[in-house]
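Colleague: Next up is a structure, given as structure tokens.
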Amino acid sequence: MQAQSSSVGGKWATLDGSAPLVIAHRGASGYRPEHTLASYMLAIEFGADYVEPDLVATRDGHLIARHEPLLDDTTDVKSRPEFASRSSTKTLDGKQITGFYASDFTLAEIRQLRAVQANPARSKEFDGQFTVPTFEEILDLVEQESAQRGRRIGIYPETKHPAFHLQLGLALEDRLLEALNRRGLNKAGTPIFIQSFESANLQYLRGKTELPLVQLMDDGSLIYDDSGKHVARVAIPEHGDPRGSERPNSLADVAKYANAIGPWKRQILRDVGQPKLLTTTVIDQAHQAGLRVHTYTFRNEPATLAPEYNNDPLQEYRRFYELGIDGVFSDFSDTALKARASR
């Protein structure tokens, strides 16, 4: 399909012409502590198309939902004297980082912790109320709510720091697929995307699943030409994971193993120190390579919005929808849905 640069004649300018997906980033994390069943449930109530759990592994090999292998900022672990001795220093993506790692706790111990709000700009009124869910519990919730609401709710898991987990002997990929296989979900047509910031584990997954894979793009993963608008090449980190083949150098290379890319929104509309953001050709180039584009992360707080949006998050969503974005990761999926409905 030929890419379009904007919506035309009331149709969406997405890769396939369908409405862009609203992906609940860590659940309704603008309103509840992230990666809790309460957060996912609220996003489902809002009507989000997909809920997004980030997955890390416990010492005994269970997948749990946390944004990072470290538990320090999103749980009350630092206030629990019984676990004080568990702090350790590990190499994470080439850096020595000290903290409380999920991989040093069993699932039974994780269940003793309670989630807290990590974002200082948000209310802490729900701190200490919710447990850390397993991937299985999230799948249970999505299955239950899909049946009750008569709509298929999608799930969008991210494998967090896959090379790190591989080196610990706690590889995430087969555990993820086994959980999906037990429910008959590891098949084409199921509303599931699997995402990663690394490419080697996605290449490994490509040989094991027909589910769509998403190559996330961190700041610096897209290299632009002199205009600052056109992507000249890509640079995806590997962190010593031997499971991939050749490292991708272009969006066409990414399309050999992935179905979509997930760039930071400031890689699409770039802040180059001018009064207005610079519009790139990232979406058009990705579409020309057959890749969808799901961008992160949309938030309502004024400090997260570019000046041109006049403190109105709806304006930001509408701008990306006009550009043909295929999906948005949002902490406030209710706002994303409102913008989509009012387009």
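Just remember, in the structure tokens the first chain shown is A, the second B, etc., residues are 1-based per chain, and ligands are 1-based in the order shown.
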Any idea what's packed within 7 Å of segment 229-246 of chain A, counting only C-alpha atoms, ignoring anything in its chain fewer than 2 positions away? Could you give it as a PyMOL selection string?

Modeller: chain A and resi 93+163+198-201+203-204+221-225+227+248-251+279-282

Colleague: Taking N, CA and C atoms for each residue, export the selection above as a short mmCIF file (atom, residue, chain, number, x, y, z; two decimals), in the first residue's frame.

Modeller:
data_model
loop_
_atom_site.label_atom_id
_atom_site.label_comp_id
_atom_site.auth_asym_id
_atom_site.auth_seq_id
_atom_site.Cartn_x
_atom_site.Cartn_y
_atom_site.Cartn_z
N ASP A 93 22.37 -3.34 30.48
CA ASP A 93 22.66 -2.60 29.25
C ASP A 93 23.99 -1.87 29.32
N ALA A 163 18.34 -9.21 26.55
CA ALA A 163 19.71 -9.72 26.66
C ALA A 163 20.11 -9.89 28.12
N GLU A 198 15.24 -4.23 21.58
CA GLU A 198 16.37 -4.94 20.98
C GLU A 198 15.89 -5.73 19.77
N SER A 199 16.80 -5.99 18.85
CA SER A 199 16.39 -6.68 17.62
C SER A 199 16.68 -8.18 17.65
N ALA A 200 17.72 -8.60 18.38
CA ALA A 200 18.10 -10.02 18.34
C ALA A 200 16.98 -10.91 18.84
N ASN A 201 16.32 -10.50 19.93
CA ASN A 201 15.27 -11.37 20.45
C ASN A 201 14.03 -11.35 19.57
N GLN A 203 14.23 -11.18 16.28
CA GLN A 203 14.59 -12.09 15.20
C GLN A 203 14.44 -13.55 15.67
N TYR A 204 14.78 -13.80 16.92
CA TYR A 204 14.57 -15.13 17.49
C TYR A 204 13.08 -15.46 17.51
N SER A 221 18.01 5.73 17.91
CA SER A 221 17.86 4.55 17.05
C SER A 221 17.57 4.91 15.60
N LEU A 222 17.07 6.11 15.37
CA LEU A 222 16.85 6.60 14.01
C LEU A 222 17.88 7.67 13.70
N ILE A 223 18.62 7.47 12.63
CA ILE A 223 19.66 8.41 12.21
C ILE A 223 19.14 9.14 10.97
N TYR A 224 19.14 10.47 11.04
CA TYR A 224 18.55 11.28 9.97
C TYR A 224 19.61 11.82 9.02
N ASP A 225 19.17 12.20 7.83
CA ASP A 225 20.08 12.86 6.88
C ASP A 225 20.27 14.32 7.29
N SER A 227 18.95 16.98 6.37
CA SER A 227 17.73 17.78 6.52
C SER A 227 17.11 17.62 7.90
N PRO A 248 20.01 -4.80 11.86
CA PRO A 248 19.35 -4.00 10.83
C PRO A 248 20.02 -2.65 10.66
N ASN A 249 20.12 -2.21 9.42
CA ASN A 249 20.69 -0.90 9.11
C ASN A 249 19.66 0.05 8.50
N SER A 250 18.50 -0.48 8.14
CA SER A 250 17.49 0.34 7.49
C SER A 250 16.11 -0.13 7.92
N LEU A 251 15.10 0.67 7.63
CA LEU A 251 13.73 0.25 7.91
C LEU A 251 13.37 -0.99 7.09
N THR A 279 8.64 18.29 11.31
CA THR A 279 7.93 17.11 10.82
C THR A 279 8.86 16.27 9.96
N THR A 280 9.03 15.00 10.33
CA THR A 280 9.89 14.09 9.58
C THR A 280 9.07 13.24 8.62
N THR A 281 9.77 12.39 7.88
CA THR A 281 9.11 11.45 6.97
C THR A 281 9.09 10.04 7.55
N VAL A 282 9.25 9.90 8.87
CA VAL A 282 9.33 8.58 9.50
C VAL A 282 8.11 7.73 9.17
#

Colleague: Within segment 50-194 of chain A, find each residue whose DSSP state, derived from the backbone, is alpha helix (DSSP H), and express the selection as an mmCIF file with N, CA and C atoms, in the first residue's frame.

Modeller:
data_model
loop_
_atom_site.group_PDB
_atom_site.id
_atom_site.type_symbol
_atom_site.label_atom_id
_atom_site.label_comp_id
_atom_site.auth_asym_id
_atom_site.auth_seq_id
_atom_site.Cartn_x
_atom_site.Cartn_y
_atom_site.Cartn_z
ATOM 1 N N LEU A 107 8.425 -15.489 43.090
ATOM 2 C CA LEU A 107 7.083 -14.943 42.910
ATOM 3 C C LEU A 107 6.381 -14.785 44.251
ATOM 4 N N ALA A 108 6.559 -15.741 45.154
ATOM 5 C CA ALA A 108 5.931 -15.633 46.468
ATOM 6 C C ALA A 108 6.377 -14.369 47.190
ATOM 7 N N GLU A 109 7.628 -14.002 47.038
ATOM 8 C CA GLU A 109 8.132 -12.777 47.661
ATOM 9 C C GLU A 109 7.613 -11.537 46.953
ATOM 10 N N ILE A 110 7.536 -11.596 45.627
ATOM 11 C CA ILE A 110 6.978 -10.469 44.868
ATOM 12 C C ILE A 110 5.548 -10.187 45.310
ATOM 13 N N PHE A 135 1.939 -12.224 34.343
ATOM 14 C CA PHE A 135 1.415 -12.183 32.986
ATOM 15 C C PHE A 135 0.165 -13.048 32.874
ATOM 16 N N GLU A 136 0.153 -14.181 33.554
ATOM 17 C CA GLU A 136 -1.016 -15.061 33.528
ATOM 18 C C GLU A 136 -2.252 -14.345 34.071
ATOM 19 N N GLU A 137 -2.086 -13.583 35.131
ATOM 20 C CA GLU A 137 -3.224 -12.863 35.713
ATOM 21 C C GLU A 137 -3.730 -11.774 34.765
ATOM 22 N N ILE A 138 -2.831 -11.163 34.030
ATOM 23 C CA ILE A 138 -3.245 -10.158 33.044
ATOM 24 C C ILE A 138 -4.011 -10.823 31.905
ATOM 25 N N LEU A 139 -3.516 -11.963 31.454
ATOM 26 C CA LEU A 139 -4.235 -12.704 30.417
ATOM 27 C C LEU A 139 -5.625 -13.112 30.907
ATOM 28 N N ASP A 140 -5.718 -13.526 32.165
ATOM 29 C CA ASP A 140 -7.028 -13.873 32.746
ATOM 30 C C ASP A 140 -7.971 -12.677 32.697
ATOM 31 N N LEU A 141 -7.457 -11.517 33.095
ATOM 32 C CA LEU A 141 -8.293 -10.314 33.119
ATOM 33 C C LEU A 141 -8.773 -9.957 31.718
ATOM 34 N N VAL A 142 -7.872 -9.979 30.754
ATOM 35 C CA VAL A 142 -8.234 -9.616 29.382
ATOM 36 C C VAL A 142 -9.262 -10.600 28.819
ATOM 37 N N GLU A 143 -9.055 -11.878 29.090
ATOM 38 C CA GLU A 143 -10.011 -12.890 28.608
ATOM 39 C C GLU A 143 -11.388 -12.686 29.239
ATOM 40 N N GLN A 144 -11.391 -12.456 30.531
ATOM 41 C CA GLN A 144 -12.658 -12.267 31.250
ATOM 42 C C GLN A 144 -13.397 -11.022 30.774
ATOM 43 N N GLU A 145 -12.685 -9.934 30.662
ATOM 44 C CA GLU A 145 -13.329 -8.680 30.269
ATOM 45 C C GLU A 145 -13.746 -8.681 28.799
ATOM 46 N N SER A 146 -12.990 -9.354 27.956
ATOM 47 C CA SER A 146 -13.395 -9.478 26.549
ATOM 48 C C SER A 146 -14.731 -10.201 26.447
ATOM 49 N N ALA A 147 -14.877 -11.276 27.220
ATOM 50 C CA ALA A 147 -16.128 -12.045 27.195
ATOM 51 C C ALA A 147 -17.289 -11.230 27.749
ATOM 52 N N GLN A 148 -17.049 -10.536 28.846
ATOM 53 C CA GLN A 148 -18.127 -9.793 29.480
ATOM 54 C C GLN A 148 -18.563 -8.585 28.668
ATOM 55 N N ARG A 149 -17.630 -7.970 27.965
ATOM 56 C CA ARG A 149 -17.931 -6.740 27.245
ATOM 57 C C ARG A 149 -18.266 -6.968 25.775
ATOM 58 N N PRO A 162 15.811 -7.960 27.147
ATOM 59 C CA PRO A 162 15.908 -9.399 26.863
ATOM 60 C C PRO A 162 17.323 -9.955 26.972
ATOM 61 N N ALA A 163 18.342 -9.209 26.553
ATOM 62 C CA ALA A 163 19.714 -9.716 26.662
ATOM 63 C C ALA A 163 20.112 -9.895 28.123
ATOM 64 N N PHE A 164 19.707 -8.978 28.971
ATOM 65 C CA PHE A 164 19.960 -9.061 30.410
ATOM 66 C C PHE A 164 19.348 -10.331 30.985
ATOM 67 N N HIS A 165 18.098 -10.595 30.652
ATOM 68 C CA HIS A 165 17.441 -11.797 31.161
ATOM 69 C C HIS A 165 18.066 -13.071 30.595
ATOM 70 N N LEU A 166 18.470 -13.026 29.341
ATOM 71 C CA LEU A 166 19.131 -14.182 28.738
ATOM 72 C C LEU A 166 20.405 -14.533 29.499
ATOM 73 N N GLN A 167 21.184 -13.509 29.835
ATOM 74 C CA GLN A 167 22.442 -13.733 30.558
ATOM 75 C C GLN A 167 22.221 -14.277 31.961
ATOM 76 N N GLU A 173 11.475 -14.941 26.141
ATOM 77 C CA GLU A 173 10.705 -15.186 24.923
ATOM 78 C C GLU A 173 9.906 -16.488 24.974
ATOM 79 N N ASP A 174 10.557 -17.598 25.303
ATOM 80 C CA ASP A 174 9.839 -18.873 25.321
ATOM 81 C C ASP A 174 8.818 -18.922 26.453
ATOM 82 N N ARG A 175 9.120 -18.258 27.559
ATOM 83 C CA ARG A 175 8.130 -18.178 28.644
ATOM 84 C C ARG A 175 6.883 -17.434 28.185
ATOM 85 N N LEU A 176 7.089 -16.363 27.453
ATOM 86 C CA LEU A 176 5.967 -15.602 26.906
ATOM 87 C C LEU A 176 5.151 -16.451 25.944
ATOM 88 N N LEU A 177 5.818 -17.110 25.009
ATOM 89 C CA LEU A 177 5.101 -17.920 24.027
ATOM 90 C C LEU A 177 4.405 -19.110 24.668
ATOM 91 N N GLU A 178 5.025 -19.711 25.680
ATOM 92 C CA GLU A 178 4.388 -20.828 26.371
ATOM 93 C C GLU A 178 3.083 -20.394 27.036
ATOM 94 N N ALA A 179 3.074 -19.199 27.635
ATOM 95 C CA ALA A 179 1.853 -18.686 28.254
ATOM 96 C C ALA A 179 0.760 -18.485 27.203
ATOM 97 N N LEU A 180 1.148 -17.989 26.033
ATOM 98 C CA LEU A 180 0.178 -17.796 24.968
ATOM 99 C C LEU A 180 -0.276 -19.131 24.380
ATOM 100 N N ASN A 181 0.653 -20.068 24.240
ATOM 101 C CA ASN A 181 0.305 -21.382 23.690
ATOM 102 C C ASN A 181 -0.714 -22.101 24.558
ATOM 103 N N ARG A 182 -0.577 -21.963 25.863
ATOM 104 C CA ARG A 182 -1.513 -22.648 26.776
ATOM 105 C C ARG A 182 -2.949 -22.178 26.572
#

Colleague: Write out as a ChimeraX atom specification the set of residues from segment 57-118 of chain A that DSSP, computed on the backbone, places in strand (DSSP E or B).

Modeller: /A:57,63-65,70,75,88-92,95-99,101,115

Colleague: Mind writing the picked residues with N, CA, C and O atoms as a PDB file, in the first residue's frame?

Modeller:
ATOM      1  N   ALA A  57      11.305 -11.131  34.597  1.00  0.00           N
ATOM      2  CA  ALA A  57      11.234 -12.469  35.188  1.00  0.00           C
ATOM      3  C   ALA A  57      11.668 -12.451  36.651  1.00  0.00           C
ATOM      4  O   ALA A  57      12.592 -11.727  37.039  1.00  0.00           O
ATOM      5  N   LEU A  63       6.832 -14.684  34.811  1.00  0.00           N
ATOM      6  CA  LEU A  63       6.764 -13.381  34.186  1.00  0.00           C
ATOM      7  C   LEU A  63       5.832 -12.486  34.986  1.00  0.00           C
ATOM      8  O   LEU A  63       4.683 -12.843  35.252  1.00  0.00           O
ATOM      9  N   ILE A  64       6.339 -11.319  35.363  1.00  0.00           N
ATOM     10  CA  ILE A  64       5.534 -10.333  36.070  1.00  0.00           C
ATOM     11  C   ILE A  64       5.591  -9.022  35.310  1.00  0.00           C
ATOM     12  O   ILE A  64       6.461  -8.805  34.466  1.00  0.00           O
ATOM     13  N   ALA A  65       4.646  -8.150  35.614  1.00  0.00           N
ATOM     14  CA  ALA A  65       4.549  -6.878  34.913  1.00  0.00           C
ATOM     15  C   ALA A  65       5.229  -5.778  35.722  1.00  0.00           C
ATOM     16  O   ALA A  65       4.725  -5.366  36.766  1.00  0.00           O
ATOM     17  N   LEU A  70      14.267  -3.579  37.773  1.00  0.00           N
ATOM     18  CA  LEU A  70      14.386  -2.988  39.102  1.00  0.00           C
ATOM     19  C   LEU A  70      13.014  -2.674  39.682  1.00  0.00           C
ATOM     20  O   LEU A  70      12.131  -2.162  38.993  1.00  0.00           O
ATOM     21  N   THR A  75       7.501  -0.130  43.425  1.00  0.00           N
ATOM     22  CA  THR A  75       6.955  -0.904  44.541  1.00  0.00           C
ATOM     23  C   THR A  75       7.477  -0.328  45.857  1.00  0.00           C
ATOM     24  O   THR A  75       8.341   0.552  45.877  1.00  0.00           O
ATOM     25  N   SER A  88      21.310  -5.415  45.100  1.00  0.00           N
ATOM     26  CA  SER A  88      22.511  -5.947  44.448  1.00  0.00           C
ATOM     27  C   SER A  88      22.899  -5.049  43.289  1.00  0.00           C
ATOM     28  O   SER A  88      22.115  -4.203  42.838  1.00  0.00           O
ATOM     29  N   THR A  89      24.109  -5.239  42.811  1.00  0.00           N
ATOM     30  CA  THR A  89      24.606  -4.486  41.659  1.00  0.00           C
ATOM     31  C   THR A  89      24.766  -5.436  40.479  1.00  0.00           C
ATOM     32  O   THR A  89      25.431  -6.464  40.589  1.00  0.00           O
ATOM     33  N   LYS A  90      24.140  -5.086  39.382  1.00  0.00           N
ATOM     34  CA  LYS A  90      24.214  -5.903  38.172  1.00  0.00           C
ATOM     35  C   LYS A  90      24.523  -5.002  36.984  1.00  0.00           C
ATOM     36  O   LYS A  90      24.323  -3.786  37.036  1.00  0.00           O
ATOM     37  N   THR A  91      24.994  -5.635  35.910  1.00  0.00           N
ATOM     38  CA  THR A  91      25.234  -4.903  34.667  1.00  0.00           C
ATOM     39  C   THR A  91      23.967  -4.942  33.831  1.00  0.00           C
ATOM     40  O   THR A  91      23.512  -6.007  33.406  1.00  0.00           O
ATOM     41  N   LEU A  92      23.388  -3.773  33.624  1.00  0.00           N
ATOM     42  CA  LEU A  92      22.150  -3.654  32.858  1.00  0.00           C
ATOM     43  C   LEU A  92      22.412  -2.751  31.665  1.00  0.00           C
ATOM     44  O   LEU A  92      22.677  -1.553  31.826  1.00  0.00           O
ATOM     45  N   LYS A  95      25.701  -0.883  31.922  1.00  0.00           N
ATOM     46  CA  LYS A  95      25.914   0.004  33.054  1.00  0.00           C
ATOM     47  C   LYS A  95      25.757  -0.763  34.362  1.00  0.00           C
ATOM     48  O   LYS A  95      24.891  -1.638  34.478  1.00  0.00           O
ATOM     49  N   GLN A  96      26.589  -0.435  35.344  1.00  0.00           N
ATOM     50  CA  GLN A  96      26.478  -1.025  36.671  1.00  0.00           C
ATOM     51  C   GLN A  96      25.394  -0.274  37.447  1.00  0.00           C
ATOM     52  O   GLN A  96      25.516   0.926  37.708  1.00  0.00           O
ATOM     53  N   ILE A  97      24.337  -0.987  37.814  1.00  0.00           N
ATOM     54  CA  ILE A  97      23.206  -0.363  38.496  1.00  0.00           C
ATOM     55  C   ILE A  97      22.884  -1.161  39.754  1.00  0.00           C
ATOM     56  O   ILE A  97      22.723  -2.385  39.703  1.00  0.00           O
ATOM     57  N   THR A  98      22.774  -0.456  40.858  1.00  0.00           N
ATOM     58  CA  THR A  98      22.462  -1.075  42.148  1.00  0.00           C
ATOM     59  C   THR A  98      20.995  -0.851  42.484  1.00  0.00           C
ATOM     60  O   THR A  98      20.469   0.263  42.333  1.00  0.00           O
ATOM     61  N   GLY A  99      20.341  -1.908  42.928  1.00  0.00           N
ATOM     62  CA  GLY A  99      18.940  -1.790  43.309  1.00  0.00           C
ATOM     63  C   GLY A  99      18.349  -3.150  43.612  1.00  0.00           C
ATOM     64  O   GLY A  99      19.062  -4.148  43.744  1.00  0.00           O
ATOM     65  N   TYR A 101      16.372  -6.077  42.222  1.00  0.00           N
ATOM     66  CA  TYR A 101      16.021  -6.690  40.949  1.00  0.00           C
ATOM     67  C   TYR A 101      14.966  -7.778  41.139  1.00  0.00           C
ATOM     68  O   TYR A 101      15.073  -8.602  42.058  1.00  0.00           O
ATOM     69  N   ALA A 115       2.372  -2.051  44.886  1.00  0.00           N
ATOM     70  CA  ALA A 115       2.737  -1.075  43.861  1.00  0.00           C
ATOM     71  C   ALA A 115       2.587   0.350  44.391  1.00  0.00           C
ATOM     72  O   ALA A 115       1.706   0.636  45.219  1.00  0.00           O
TER      73      ALA A 115
END

Colleague: Can you work out which one of A:Gly290, A:Gly327, A:Pro81, A:Pro263 has the shortest atom-to-atom distance to Gln215 of chain A, counting only C-alpha atoms?

Modeller: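 For Gln215 of chain A, the nearest of the candidates is A:Pro263.
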
Colleague: Which of these residues is nearest to Leu291 of chain A, using only C-alpha atoms: A:Asn259, A:Asn310, A:Thr74, A:Ser18?

Modeller: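 The shortest atom-to-atom distance to Leu291 of chain A comes from A:Asn259.
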
Colleague: Just checking: using only C-alpha atoms, which residue out of A:Met217, A:Leu323, A:Ala118, A:Ile155 ends up closest to Asp284 of chain A?

Modeller: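 Using only C-alpha atoms, Asp284 of chain A sits closest to A:Leu323.
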
Colleague: Counting only C-alpha atoms, figure out which residue out of A:Ser342, A:Ser123, A:Thr131, A:Ser29 gets nearest to Arg111 of chain A.

Modeller: A:Thr131

Colleague: Between A:Ala24, A:Ala258, A:Ala121, A:Leu216, which has the minimum distance to Ala303 of chain A (counting only C-alpha atoms)?

Modeller: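 For Ala303 of chain A, the nearest of the given residues is A:Ala121.
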
Colleague: Under the rule that only C-alpha atoms are counted, which of A:Gly262, A:Gly220, A:Pro307, A:Gly30 is the nearest residue to Arg122 of chain A?

Modeller: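 Distance minimum relative to Arg122 of chain A lands on A:Gly30.
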
Colleague: Atom CA of Ala43 of chain A and atom CA of Ala28 of chain A are how many Å apart?

Modeller: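 Computed distance, atom CA of Ala43 of chain A to atom CA of Ala28 of chain A, equals 4.8 Å.
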
Colleague: Could you list, as a PyMOL selection string, every residue within 7 Å of Tyr156 of chain A, counting only C-alpha atoms and ignoring same-chain residues fewer than 2 positions away?

Modeller: chain A and resi 50-53+154+158+192-194

Colleague: Please produce a file of the residues just selected, as a PDB file, in the first residue's frame, where the atoms kept are C-alpha atoms.

Modeller:
ATOM      1  CA  TYR A  50      -4.927  -2.840  23.769  1.00  0.00           C
ATOM      2  CA  VAL A  51      -3.371  -2.980  27.222  1.00  0.00           C
ATOM      3  CA  GLU A  52       0.404  -3.011  27.485  1.00  0.00           C
ATOM      4  CA  PRO A  53       2.271  -5.047  30.112  1.00  0.00           C
ATOM      5  CA  GLY A 154      -5.840  -6.808  22.684  1.00  0.00           C
ATOM      6  CA  GLU A 158       7.022  -5.915  25.882  1.00  0.00           C
ATOM      7  CA  ILE A 192      -1.439  -9.459  20.266  1.00  0.00           C
ATOM      8  CA  PHE A 193       1.699  -7.506  19.422  1.00  0.00           C
ATOM      9  CA  ILE A 194       5.079  -8.421  20.947  1.00  0.00           C
TER      10      ILE A 194
END

Colleague: Write out as a JSON list (two decimals) with all heavy atoms, in the first residue's frame each polymer residue whose atoms come within 6 Å of Phe105 of chain A, counting only C-alpha atoms; drop sequence neighbours fewer than 3 positions from it.

Modeller:
[["chain", "number", "residue", "atom", "x", "y", "z"],
["A", 58, "THR", "N", 10.99, -13.29, 37.44],
["A", 58, "THR", "CA", 11.39, -13.50, 38.82],
["A", 58, "THR", "C", 12.49, -14.56, 38.88],
["A", 58, "THR", "O", 12.80, -15.21, 37.87],
["A", 58, "THR", "CB", 10.21, -13.99, 39.66],
["A", 58, "THR", "OG1", 9.78, -15.27, 39.17],
["A", 58, "THR", "CG2", 9.04, -13.01, 39.58],
["A", 59, "ARG", "N", 13.06, -14.74, 40.06],
["A", 59, "ARG", "CA", 14.14, -15.72, 40.22],
["A", 59, "ARG", "C", 13.69, -17.13, 39.85],
["A", 59, "ARG", "O", 14.47, -17.93, 39.32],
["A", 59, "ARG", "CB", 14.65, -15.70, 41.67],
["A", 59, "ARG", "CG", 15.90, -16.54, 41.89],
["A", 59, "ARG", "CD", 16.42, -16.35, 43.31],
["A", 59, "ARG", "NE", 15.57, -17.00, 44.29],
["A", 59, "ARG", "CZ", 15.64, -16.79, 45.61],
["A", 59, "ARG", "NH1", 16.49, -15.89, 46.08],
["A", 59, "ARG", "NH2", 14.83, -17.43, 46.43],
["A", 102, "ALA", "N", 13.98, -7.78, 40.26],
["A", 102, "ALA", "CA", 12.94, -8.81, 40.31],
["A", 102, "ALA", "C", 13.54, -10.21, 40.24],
["A", 102, "ALA", "O", 13.02, -11.15, 40.85],
["A", 102, "ALA", "CB", 11.94, -8.61, 39.18],
["A", 109, "GLU", "N", 7.63, -14.00, 47.04],
["A", 109, "GLU", "CA", 8.13, -12.78, 47.66],
["A", 109, "GLU", "C", 7.61, -11.54, 46.95],
["A", 109, "GLU", "O", 7.27, -10.53, 47.60],
["A", 109, "GLU", "CB", 9.65, -12.80, 47.67],
["A", 109, "GLU", "CG", 10.23, -13.85, 48.61],
["A", 109, "GLU", "CD", 11.72, -14.08, 48.42],
["A", 109, "GLU", "OE1", 12.23, -13.83, 47.30],
["A", 109, "GLU", "OE2", 12.36, -14.52, 49.38]]

Colleague: When you look at Thr297 of chain A with a cut-off of 9 Å (counting only C-alpha atoms), what residues show up, excluding the ones that are within fewer than 3 positions of it in the same chain? I need them as a list of chain:residue names.

Modeller: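 Answer for this query is A:His25, A:Trp264, A:Lys265, A:Val328, A:Phe329, A:Ser330, A:Asp331.
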